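Everything on this sheet refers to the single structure shown next.
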Amino acid sequence: MHFLSEILEKYIADNSESEPKLLQELTRETHLKIIQPRMLTGHFQGRVLSLLSKIINPKSILEIGTYTGYSAICLAEGLQQAGTLHTIDVNAELQEIQKKYFEKSGYGPRIKQYTGNALEIVPDMEETFDLIFIDAEKKEYPNYLEVVLPKTKPGSIILSDNVLWSGKVVEPLHPKDQTTKALLEYNKYLKEHPRLETVLLPIRDGLTLCRVI
């Protein structure tokens with residue numbers, strides 16, 4: 001489902017901050033070399049992530065789902081000078097392209113990469129995070145939330161990507177569609193969670209903004 005026409009999407013992008021040349025380069029390489037390039041964050045949403053991070057000015061960021069590193073670079077743009085971004089992905093084969101662009105961006109020394117299951121990695125982290133971006137296995141979103149919440153404080157921001165799931169969240173649910181089912185439960189859980197203030201933003205494929213209270 002396309003939520004906006006291509007013409008309107010282009011107009012929005014054209015009247016938002018320009019995409020940095022490095023991220024244009026990363027986009028091209030991702031489309032040429034990596035399977036499922038649609039998973040890339042992209043220009044407009046990337047600038048949204050960048051601006052939100054700059055507003056928050058976090059000391060510590062956690063990202064679940066690195067892919068080729070586009071969103072991590074966007075989020076790192078708002079880091080405090082001594083801040084650190086921790087990013088986790090299950091696919092070890094993507095580490096090379098991630099590291100390449102992290103270094104080219106200048107944020108390499110402040111980005112810590114992890115490979116493995118976030119549900120196993122996050123509980124062992126000692127950090128408290130100011131900003132968390134969840135963009136990995138959709139069926140695990142409720143579980144990701146449970147492991148990240150203890151790593152937050154009042155005022156921490158949690159962003160969740162792809163929460164509209166190409167519009168499937170408002171279509172009749174197929175009995176075998178476990179991913180959409182999990183996202184429907186997750187969206188409801190965020191809305192009703194007593195520790196969260198939640199707004200679901202119709203940005204790209206849906207981006208939920210939650211503030212820990």
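Residues in the structure tokens are named by chain (A, B, ... in the order shown) and by number from 1 within that chain; ligands are numbered from 1 in the order shown.
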
Report as a list in words all protein, DNA and RNA residues lying within 10 Å of Tyr114 of chain A, evaluated on only C-alpha atoms, omitting residues in the same chain fewer than 3 positions from it.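 With the cut-off at 10 Å, the set is Ile64, Thr66, His86, Thr87, Ile88, Asp89, Val90, Asn91, Ala92, Gln95, Ile111, Asn117, Ala118 and Ile121 of chain A.
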
Keeping only N, CA and C atoms, write the selected residues as a compact mmCIF listing (two decimals), in the first residue's frame.
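Written out: again_37.txt:
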```txt
# COMPACT_ATOMS: atom_id res chain seq x y z
N ILE A 64 18.36 -1.50 17.27
CA ILE A 64 18.16 -2.93 17.04
C ILE A 64 17.79 -3.10 15.57
N THR A 66 20.64 -3.11 12.30
CA THR A 66 21.58 -2.19 11.66
C THR A 66 21.39 -2.15 10.15
N HIS A 86 25.13 2.16 20.02
CA HIS A 86 25.28 0.71 20.03
C HIS A 86 24.28 0.14 19.03
N THR A 87 24.75 -0.61 18.05
CA THR A 87 23.85 -1.11 17.02
C THR A 87 24.01 -2.62 16.85
N ILE A 88 22.89 -3.33 16.77
CA ILE A 88 22.87 -4.79 16.77
C ILE A 88 22.20 -5.31 15.49
N ASP A 89 22.84 -6.32 14.88
CA ASP A 89 22.22 -6.98 13.73
C ASP A 89 22.56 -8.47 13.77
N VAL A 90 21.65 -9.30 13.29
CA VAL A 90 21.89 -10.75 13.31
C VAL A 90 22.78 -11.21 12.17
N ASN A 91 22.92 -10.38 11.12
CA ASN A 91 23.61 -10.80 9.90
C ASN A 91 25.07 -10.35 9.91
N ALA A 92 25.97 -11.28 10.16
CA ALA A 92 27.41 -10.97 10.21
C ALA A 92 27.94 -10.55 8.84
N GLN A 95 28.53 -6.73 8.19
CA GLN A 95 29.46 -5.95 9.01
C GLN A 95 30.46 -5.15 8.18
N ILE A 111 30.60 4.42 17.25
CA ILE A 111 29.59 3.40 16.96
C ILE A 111 30.15 2.03 17.34
N ASN A 117 21.63 -11.99 18.46
CA ASN A 117 20.23 -11.80 18.83
C ASN A 117 20.13 -10.69 19.88
N ALA A 118 19.42 -9.63 19.55
CA ALA A 118 19.29 -8.50 20.47
C ALA A 118 18.66 -8.92 21.80
N ILE A 121 21.58 -10.01 23.73
CA ILE A 121 22.64 -9.01 23.91
C ILE A 121 22.23 -7.88 24.83
```

For the atom pair atom CA of Glu19 of chain A and atom CA of Leu51 of chain A, what is the interatomic distance in Å to one decimal place?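 Computing it gives 12.3 Å between the two atoms.
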
Just want the 10 Å neighbourhood of Met125 of chain A, counted on only C-alpha atoms, with same-chain residues fewer than 3 positions away dropped. Output as a ChimeraX atom specification. /A:86,120-122,128,148,151

I need the residues of chain A that end up classed as strand (DSSP E) by DSSP on the backbone, written out as a PyMOL selection string. chain A and resi 60-64+84-89+111-115+131-134+157-161+196-201+207-212
